[in-house]
>>> print(open('model27.pdb').read())   # PDB, C-alpha atoms (C1' of nucleotides)
MODEL        1
ATOM      1  CA  MET C 246      88.145  89.813  68.376
ATOM      2  CA  HIS C 247      90.425  86.863  69.011
ATOM      3  CA  VAL C 248      88.788  84.157  71.076
ATOM      4  CA  VAL C 249      91.069  81.940  73.108
ATOM      5  CA  ALA C 250      90.606  79.266  75.743
ATOM      6  CA  ILE C 251      92.062  79.716  79.227
ATOM      7  CA  ALA C 252      92.596  76.536  81.190
ATOM      8  CA  THR C 253      92.262  76.772  84.978
ATOM      9  CA  PRO C 254      91.787  74.248  87.775
ATOM     10  CA  ALA C 255      88.155  75.347  87.771
ATOM     11  CA  GLY C 256      87.551  74.670  84.116
ATOM     12  CA  LYS C 257      88.097  76.162  80.723
ATOM     13  CA  PHE C 258      87.303  79.859  80.532
ATOM     14  CA  THR C 259      86.974  81.739  77.267
ATOM     15  CA  ALA C 260      88.642  85.102  76.711
ATOM     16  CA  GLY C 261      88.086  87.610  73.929
ATOM     17  CA  LEU C 262      91.104  89.738  73.066
ATOM     18  CA  THR C 263      91.188  92.778  70.830
ATOM     19  CA  SER C 264      94.104  94.917  69.728
ATOM     20  CA  ARG C 265      93.429  97.096  72.791
ATOM     21  CA  GLY C 266      93.283  94.386  75.431
ATOM     22  CA  LEU C 267      91.014  91.919  77.157
ATOM     23  CA  ALA C 268      87.444  92.654  76.144
ATOM     24  CA  ARG C 269      85.469  89.648  77.378
ATOM     25  CA  LEU C 270      85.819  86.798  79.806
ATOM     26  CA  GLU C 271      83.345  83.949  80.052
ATOM     27  CA  PHE C 272      82.915  81.225  82.602
ATOM     28  CA  PRO C 273      83.191  77.613  81.501
ATOM     29  CA  ARG C 274      79.996  76.742  79.706
ATOM     30  CA  LYS C 275      77.940  73.729  80.411
ATOM     31  CA  LEU C 276      78.489  71.395  77.510
ATOM     32  CA  GLY C 277      75.186  71.087  75.795
ATOM     33  CA  PRO C 278      74.305  69.986  72.300
ATOM     34  CA  GLY C 279      76.232  72.168  69.886
ATOM     35  CA  ALA C 280      78.039  74.000  72.644
ATOM     36  CA  ASP C 281      81.182  74.270  70.599
ATOM     37  CA  ALA C 282      79.526  76.277  67.856
ATOM     38  CA  ARG C 283      80.678  79.639  69.218
ATOM     39  CA  MET C 284      84.137  78.403  70.182
ATOM     40  CA  THR C 285      86.015  79.489  67.125
ATOM     41  CA  LEU C 286      89.409  79.360  68.743
ATOM     42  CA  ASP C 287      92.143  81.449  67.299
ATOM     43  CA  ASP C 288      95.593  79.938  67.127
ATOM     44  CA  ASP C 289      97.584  82.470  65.175
ATOM     45  CA  ASP C 290      97.669  85.329  67.643
ATOM     46  CA  SER C 291     100.332  87.954  67.509
ATOM     47  CA  PRO C 292     103.042  87.947  70.180
ATOM     48  CA  LYS C 293     101.211  90.818  71.857
ATOM     49  CA  LEU C 294      97.965  88.914  72.117
ATOM     50  CA  ALA C 295      99.757  85.784  73.259
ATOM     51  CA  ALA C 296     101.354  87.774  76.068
ATOM     52  CA  TRP C 297      97.999  89.188  77.104
ATOM     53  CA  ARG C 298      96.516  85.721  77.052
ATOM     54  CA  GLU C 299      99.182  84.576  79.490
ATOM     55  CA  LEU C 300      98.600  87.605  81.711
ATOM     56  CA  THR C 301      94.910  86.823  81.684
ATOM     57  CA  ALA C 302      95.525  83.179  82.525
ATOM     58  CA  ALA C 303      97.854  83.999  85.415
ATOM     59  CA  ALA C 304      95.540  86.670  86.824
ATOM     60  CA  LEU C 305      92.579  84.362  86.532
ATOM     61  CA  ARG C 306      94.301  81.494  88.298
ATOM     62  CA  ASP C 307      95.383  83.820  91.120
ATOM     63  CA  SER C 308      91.891  85.242  91.467
ATOM     64  CA  LEU C 309      90.274  81.821  91.578
ATOM     65  CA  ALA C 310      92.673  80.912  94.376
ATOM     66  CA  GLY C 311      91.659  84.024  96.296
ATOM     67  CA  LYS C 312      94.934  85.814  95.700
ATOM     68  CA  ARG C 313      95.308  89.293  94.373
ATOM     69  CA  PRO C 314      96.707  89.124  90.824
ATOM     70  CA  ARG C 315     100.099  90.790  90.518
ATOM     71  CA  ARG C 316      99.403  92.092  87.064
ATOM     72  CA  LEU C 317      96.388  92.403  84.788
ATOM     73  CA  PRO C 318      96.318  92.587  81.019
ATOM     74  CA  PRO C 319      95.059  95.877  79.601
ATOM     75  CA  LEU C 320      91.280  95.925  79.521
ATOM     76  CA  ASP C 321      89.247  96.974  76.514
ATOM     77  CA  LEU C 322      85.978  98.159  78.019
ATOM     78  CA  ARG C 323      84.898 100.476  75.230
ATOM     79  CA  GLY C 324      81.585  98.711  74.848
ATOM     80  CA  GLY C 325      80.013 100.256  77.909
ATOM     81  CA  THR C 326      77.827 103.292  78.358
ATOM     82  CA  PRO C 327      79.331 106.155  80.393
ATOM     83  CA  PHE C 328      77.400 105.014  83.444
ATOM     84  CA  GLN C 329      78.561 101.425  83.090
ATOM     85  CA  CYS C 330      82.160 102.554  82.719
ATOM     86  CA  ARG C 331      81.909 104.518  85.963
ATOM     87  CA  VAL C 332      80.534 101.472  87.745
ATOM     88  CA  TRP C 333      83.168  99.146  86.314
ATOM     89  CA  ARG C 334      85.938 101.520  87.327
ATOM     90  CA  ALA C 335      84.551 101.697  90.849
ATOM     91  CA  LEU C 336      84.440  97.917  90.981
ATOM     92  CA  ARG C 337      88.159  97.784  90.386
ATOM     93  CA  GLY C 338      88.638  99.897  93.509
ATOM     94  CA  ILE C 339      87.211  97.191  95.778
ATOM     95  CA  ALA C 340      90.121  95.252  97.248
ATOM     96  CA  ALA C 341      90.138  91.477  97.389
ATOM     97  CA  GLY C 342      88.398  90.252 100.505
ATOM     98  CA  ARG C 343      86.295  93.431 100.813
ATOM     99  CA  THR C 344      82.730  93.990  99.697
ATOM    100  CA  ARG C 345      80.354  96.868  99.083
ATOM    101  CA  SER C 346      76.608  96.988  98.656
ATOM    102  CA  TYR C 347      74.912  98.000  95.443
ATOM    103  CA  GLY C 348      73.735 101.150  97.187
ATOM    104  CA  GLU C 349      77.220 102.065  98.406
ATOM    105  CA  LEU C 350      78.581 101.610  94.927
ATOM    106  CA  ALA C 351      75.810 103.833  93.558
ATOM    107  CA  ALA C 352      76.854 106.584  95.975
ATOM    108  CA  LEU C 353      80.492 106.134  94.940
ATOM    109  CA  VAL C 354      79.675 106.802  91.304
ATOM    110  CA  GLY C 355      77.512 109.783  92.201
ATOM    111  CA  THR C 356      74.047 108.307  91.662
ATOM    112  CA  LEU C 357      72.636 108.279  95.160
ATOM    113  CA  ARG C 358      69.543 106.185  94.586
ATOM    114  CA  GLY C 359      70.845 104.160  91.692
ATOM    115  CA  ALA C 360      71.407 100.854  93.428
ATOM    116  CA  ARG C 361      69.225  99.042  90.988
ATOM    117  CA  ALA C 362      70.953 100.616  88.020
ATOM    118  CA  VAL C 363      74.286  99.558  89.518
ATOM    119  CA  GLY C 364      73.011  95.997  89.621
ATOM    120  CA  ALA C 365      72.167  96.176  85.953
ATOM    121  CA  ALA C 366      75.629  97.568  85.172
ATOM    122  CA  CYS C 367      77.275  94.773  87.137
ATOM    123  CA  GLY C 368      75.261  92.291  85.138
ATOM    124  CA  ALA C 369      76.666  93.832  81.980
ATOM    125  CA  ASN C 370      80.283  93.565  83.154
ATOM    126  CA  PRO C 371      82.099  91.932  80.222
ATOM    127  CA  VAL C 372      85.119  90.832  82.274
ATOM    128  CA  PRO C 373      83.880  89.149  85.452
ATOM    129  CA  VAL C 374      86.352  87.964  88.088
ATOM    130  CA  LEU C 375      89.103  90.392  87.023
ATOM    131  CA  VAL C 376      86.637  93.276  87.219
ATOM    132  CA  PRO C 377      85.337  92.046  90.552
ATOM    133  CA  CYS C 378      81.593  92.428  90.353
ATOM    134  CA  HIS C 379      81.324  89.426  92.704
ATOM    135  CA  ARG C 380      82.339  91.731  95.600
ATOM    136  CA  VAL C 381      79.031  93.571  95.444
ATOM    137  CA  LEU C 382      76.356  92.287  97.807
ATOM    138  CA  ALA C 383      72.836  93.413  98.615
ATOM    139  CA  ALA C 384      72.467  95.873 101.502
ATOM    140  CA  ASN C 385      71.190  93.176 103.874
ATOM    141  CA  GLY C 386      74.301  91.056 103.384
ATOM    142  CA  LYS C 387      72.642  88.660 100.995
ATOM    143  CA  LEU C 388      74.197  87.756  97.706
ATOM    144  CA  GLY C 389      72.173  89.540  95.077
ATOM    145  CA  GLY C 390      72.665  88.022  91.666
ATOM    146  CA  PHE C 391      75.462  86.997  89.374
ATOM    147  CA  SER C 392      75.537  86.702  85.626
ATOM    148  CA  GLY C 393      77.699  83.593  85.716
ATOM    149  CA  GLY C 394      75.455  81.898  88.249
ATOM    150  CA  LEU C 395      75.397  82.325  92.021
ATOM    151  CA  ASP C 396      77.578  79.257  92.536
ATOM    152  CA  TRP C 397      80.472  81.150  91.004
ATOM    153  CA  LYS C 398      79.794  84.191  93.161
ATOM    154  CA  ARG C 399      79.829  82.035  96.289
ATOM    155  CA  ARG C 400      82.985  80.290  95.182
ATOM    156  CA  LEU C 401      84.865  83.529  94.433
ATOM    157  CA  LEU C 402      83.837  85.149  97.710
ATOM    158  CA  SER C 403      84.706  82.068  99.716
ATOM    159  CA  ALA C 404      88.151  81.945  98.137
ATOM    160  CA  GLU C 405      88.696  85.508  99.376
ATOM    161  CA  GLY C 406      87.470  84.671 102.852
ATOM    162  CA  VAL C 407      84.351  86.817 102.643
ATOM    163  CA  ALA C 408      81.329  85.922 104.743
ATOM    164  CA  PHE C 409      77.860  86.347 103.296
ATOM    165  CA  ARG C 410      74.317  85.384 104.169
ATOM    166  CA  ALA C 411      72.854  82.407 102.393
ATOM    167  CA  MET C 412      69.944  83.047 100.127
TER
ATOM    168  C1'  DA W 240      58.330  86.817 105.889
ATOM    169  C1'  DC W 241      56.054  89.347 102.600
ATOM    170  C1'  DT W 242      54.399  93.584  99.972
ATOM    171  C1'  DG W 243      54.362  97.832  97.717
ATOM    172  C1'  DG W 244      56.270 102.168  96.317
ATOM    173  C1'  DG W 245      60.393 104.548  94.963
ATOM    174  C1'  DT W 246      64.232 104.628  92.167
ATOM    175  C1'  DA W 247      68.141 104.961  87.743
ATOM    176  C1'  DA W 248      69.336 103.120  83.549
ATOM    177  C1'  DA W 249      69.004 100.343  79.168
ATOM    178  C1'  DC W 250      66.259  98.767  75.611
ATOM    179  C1'  DA W 251      62.351  97.711  72.289
ATOM    180  C1'  DG W 252      58.958  99.786  69.597
TER
ATOM    181  C1'  DC I  94      58.307 109.143  74.119
ATOM    182  C1'  DT I  95      56.160 105.326  76.705
ATOM    183  C1'  DG I  96      56.354 100.899  78.517
ATOM    184  C1'  DT I  97      59.080  96.954  80.395
ATOM    185  C1'  DT I  98      62.760  94.876  82.758
ATOM    186  C1'  DT I  99      66.475  94.847  86.001
ATOM    187  C1'  DA I 100      72.271  91.207  89.974
ATOM    188  C1'  DC I 101      68.140  97.176  94.578
ATOM    189  C1'  DC I 102      66.382  99.463  98.970
ATOM    190  C1'  DC I 103      63.536 100.583 102.764
ATOM    191  C1'  DA I 104      59.599 101.288 105.502
ATOM    192  C1'  DG I 105      55.485  99.308 106.360
ATOM    193  C1'  DT I 106      52.652  95.320 107.923
TER
ENDMDL
END
>>> encode(input="model27.pdb", output="structure tokens")
Amino acid sequence: MHVVAIATPAGKFTAGLTSRGLARLEFPRKLGPGADARMTLDDDDSPKLAAWRELTAAALRDSLAGKRPRRLPPLDLRGGTPFQCRVWRALRGIAAGRTRSYGELAALVGTLRGARAVGAACGANPVPVLVPCHRVLAANGKLGGFSGGLDWKRRLLSAEGVAFRAM
DNA sequence: ACTGGGTAAACAG
DNA sequence: CTGTTTACCCAGT
């Protein structure tokens, strides 16, 4: 996996690219002692990977501004279990500015009472923002959780003009 | 506002 | 297989 930095107005994201596409996306990390240890940046990417890095950067900047990205890089989501892949695919069907509840998403993937399992699958989403797990709220309109921290979830939803109940 | 039971899936052992 | 944990949900207090 080729690890590259993606600069945005909101900070430096980290993307992991494989020969099949974008496999991971991480929010800017708080700089702690030794925070750079895992940041083995990769400069000599192939033209293909460089193109995907630019697609990722453009899509990420659009998404952070609340706009729908015109084009996404290919995604390499092989890591997931069959259930997680169903959930992640369903996530991509939620348009910008719209939300669903964990329970609704469970019904969409054919697991009627699996709201909690859907939450766990969202937490395992390797490509947040572009696979929009932030558009899933709890059934009562509250936020639920977010792997990157609830501040990011609030920020992404606000950029899309979505209203939500404070927690 | 808080509690408890029900629930599906992943994971450790 | 059993136990534990989870970004849940709903009907009761």
>>> atom_distance(input="model27.pdb", atom1="atom CA of Leu262 of chain C", atom2="atom CA of Arg313 of chain C")
21.7 Å
>>> interface_residues(input="model27.pdb", of="chain W", to="chain C", cutoff="12 Å", atoms="only C-alpha atoms (C1' of nucleotides)", output="PyMOL selection string")
chain W and resi 245-249
>>> resolve_selection(input="model27.pdb", expression="the PyMOL selection byres ((chain I) within 9 of (chain C))", output="list of chain:residue names")
I:DT99, I:DA100, I:DC101, I:DC102
>>> atom_distance(input="model27.pdb", atom1="atom CA of Asn370 of chain C", atom2="atom CA of Ile251 of chain C")
18.6 Å
>>> atom_distance(input="model27.pdb", atom1="atom C1' of DG243 of chain W", atom2="atom C1' of DT97 of chain I")
18.0 Å
>>> residues_around(input="model27.pdb", residues="DG252 of chain W", least_positions_apart="6", cutoff="12 Å", atoms="all atoms listed in the file", output="PDB file with C-alpha atoms (C1' of nucleotides), in the frame of the given file")
ATOM      1  C1'  DC I  94      58.307 109.143  74.119  1.00  0.00           C
ATOM      2  C1'  DT I  95      56.160 105.326  76.705  1.00  0.00           C
ATOM      3  C1'  DG I  96      56.354 100.899  78.517  1.00  0.00           C
ATOM      4  C1'  DT I  97      59.080  96.954  80.395  1.00  0.00           C
TER       5       DT I  97
END
>>> residues_around(input="model27.pdb", residues="DG244 of chain W", least_positions_apart="3", cutoff="12 Å", atoms="all atoms listed in the file", output="JSON, numbers by chain")
{"I": [102, 103, 104, 105]}
>>> residues_around(input="model27.pdb", residues="Ala340 of chain C", least_positions_apart="4", cutoff="10 Å", atoms="only C-alpha atoms (C1' of nucleotides)", output="PyMOL selection string")
chain C and resi 313+336+344+377+380
>>> resolve_selection(input="model27.pdb", expression="the PyMOL selection byres ((chain C and resi 261) around 10)", output="ChimeraX atom specification")
/C:246-250,259-260,262-263,266-271,286-287,298,321,371-372
>>> resolve_selection(input="model27.pdb", expression="the PyMOL selection byres ((chain C and resi 317) around 8)", output="list of chain:residue names")
C:Leu300, C:Thr301, C:Ala304, C:Pro314, C:Arg315, C:Arg316, C:Pro318, C:Pro319, C:Leu375
>>> closest_residue(input="model27.pdb", among="C:Val374, C:Ala310, C:Leu294, C:Val354", to="Phe272 of chain C", atoms="only C-alpha atoms")
C:Val374
>>> build_atoms(input="model27.pdb", residues="segment 373-386 of chain C", atoms="N, CA and C atoms", output="PDB file, in the frame of the given file")
ATOM      1  N   PRO C 373      84.057  89.532  84.055  1.00  0.00           N
ATOM      2  CA  PRO C 373      83.880  89.149  85.452  1.00  0.00           C
ATOM      3  C   PRO C 373      85.162  88.555  86.011  1.00  0.00           C
ATOM      4  N   VAL C 374      85.223  88.455  87.297  1.00  0.00           N
ATOM      5  CA  VAL C 374      86.352  87.964  88.088  1.00  0.00           C
ATOM      6  C   VAL C 374      87.462  89.020  88.151  1.00  0.00           C
ATOM      7  N   LEU C 375      88.014  89.409  86.999  1.00  0.00           N
ATOM      8  CA  LEU C 375      89.103  90.392  87.023  1.00  0.00           C
ATOM      9  C   LEU C 375      88.564  91.788  87.269  1.00  0.00           C
ATOM     10  N   VAL C 376      87.391  92.095  86.782  1.00  0.00           N
ATOM     11  CA  VAL C 376      86.637  93.276  87.219  1.00  0.00           C
ATOM     12  C   VAL C 376      85.644  92.724  88.229  1.00  0.00           C
ATOM     13  N   PRO C 377      85.938  92.914  89.518  1.00  0.00           N
ATOM     14  CA  PRO C 377      85.337  92.046  90.552  1.00  0.00           C
ATOM     15  C   PRO C 377      83.907  92.398  90.929  1.00  0.00           C
ATOM     16  N   CYS C 378      82.987  92.144  90.036  1.00  0.00           N
ATOM     17  CA  CYS C 378      81.593  92.428  90.353  1.00  0.00           C
ATOM     18  C   CYS C 378      81.062  91.459  91.407  1.00  0.00           C
ATOM     19  N   HIS C 379      81.811  90.367  91.685  1.00  0.00           N
ATOM     20  CA  HIS C 379      81.324  89.426  92.704  1.00  0.00           C
ATOM     21  C   HIS C 379      81.469  89.996  94.104  1.00  0.00           C
ATOM     22  N   ARG C 380      82.174  91.131  94.264  1.00  0.00           N
ATOM     23  CA  ARG C 380      82.339  91.731  95.600  1.00  0.00           C
ATOM     24  C   ARG C 380      81.223  92.688  95.941  1.00  0.00           C
ATOM     25  N   VAL C 381      80.177  92.715  95.155  1.00  0.00           N
ATOM     26  CA  VAL C 381      79.031  93.571  95.444  1.00  0.00           C
ATOM     27  C   VAL C 381      77.890  92.713  95.957  1.00  0.00           C
ATOM     28  N   LEU C 382      77.441  93.032  97.182  1.00  0.00           N
ATOM     29  CA  LEU C 382      76.356  92.287  97.807  1.00  0.00           C
ATOM     30  C   LEU C 382      75.172  93.204  98.014  1.00  0.00           C
ATOM     31  N   ALA C 383      74.009  92.620  98.288  1.00  0.00           N
ATOM     32  CA  ALA C 383      72.836  93.413  98.615  1.00  0.00           C
ATOM     33  C   ALA C 383      73.038  94.062  99.986  1.00  0.00           C
ATOM     34  N   ALA C 384      72.258  95.082 100.292  1.00  0.00           N
ATOM     35  CA  ALA C 384      72.467  95.873 101.502  1.00  0.00           C
ATOM     36  C   ALA C 384      72.258  95.047 102.760  1.00  0.00           C
ATOM     37  N   ASN C 385      71.458  93.999 102.693  1.00  0.00           N
ATOM     38  CA  ASN C 385      71.190  93.176 103.874  1.00  0.00           C
ATOM     39  C   ASN C 385      72.209  92.049 104.023  1.00  0.00           C
ATOM     40  N   GLY C 386      73.276  92.083 103.271  1.00  0.00           N
ATOM     41  CA  GLY C 386      74.301  91.056 103.384  1.00  0.00           C
ATOM     42  C   GLY C 386      74.047  89.837 102.534  1.00  0.00           C
TER      43      GLY C 386
END
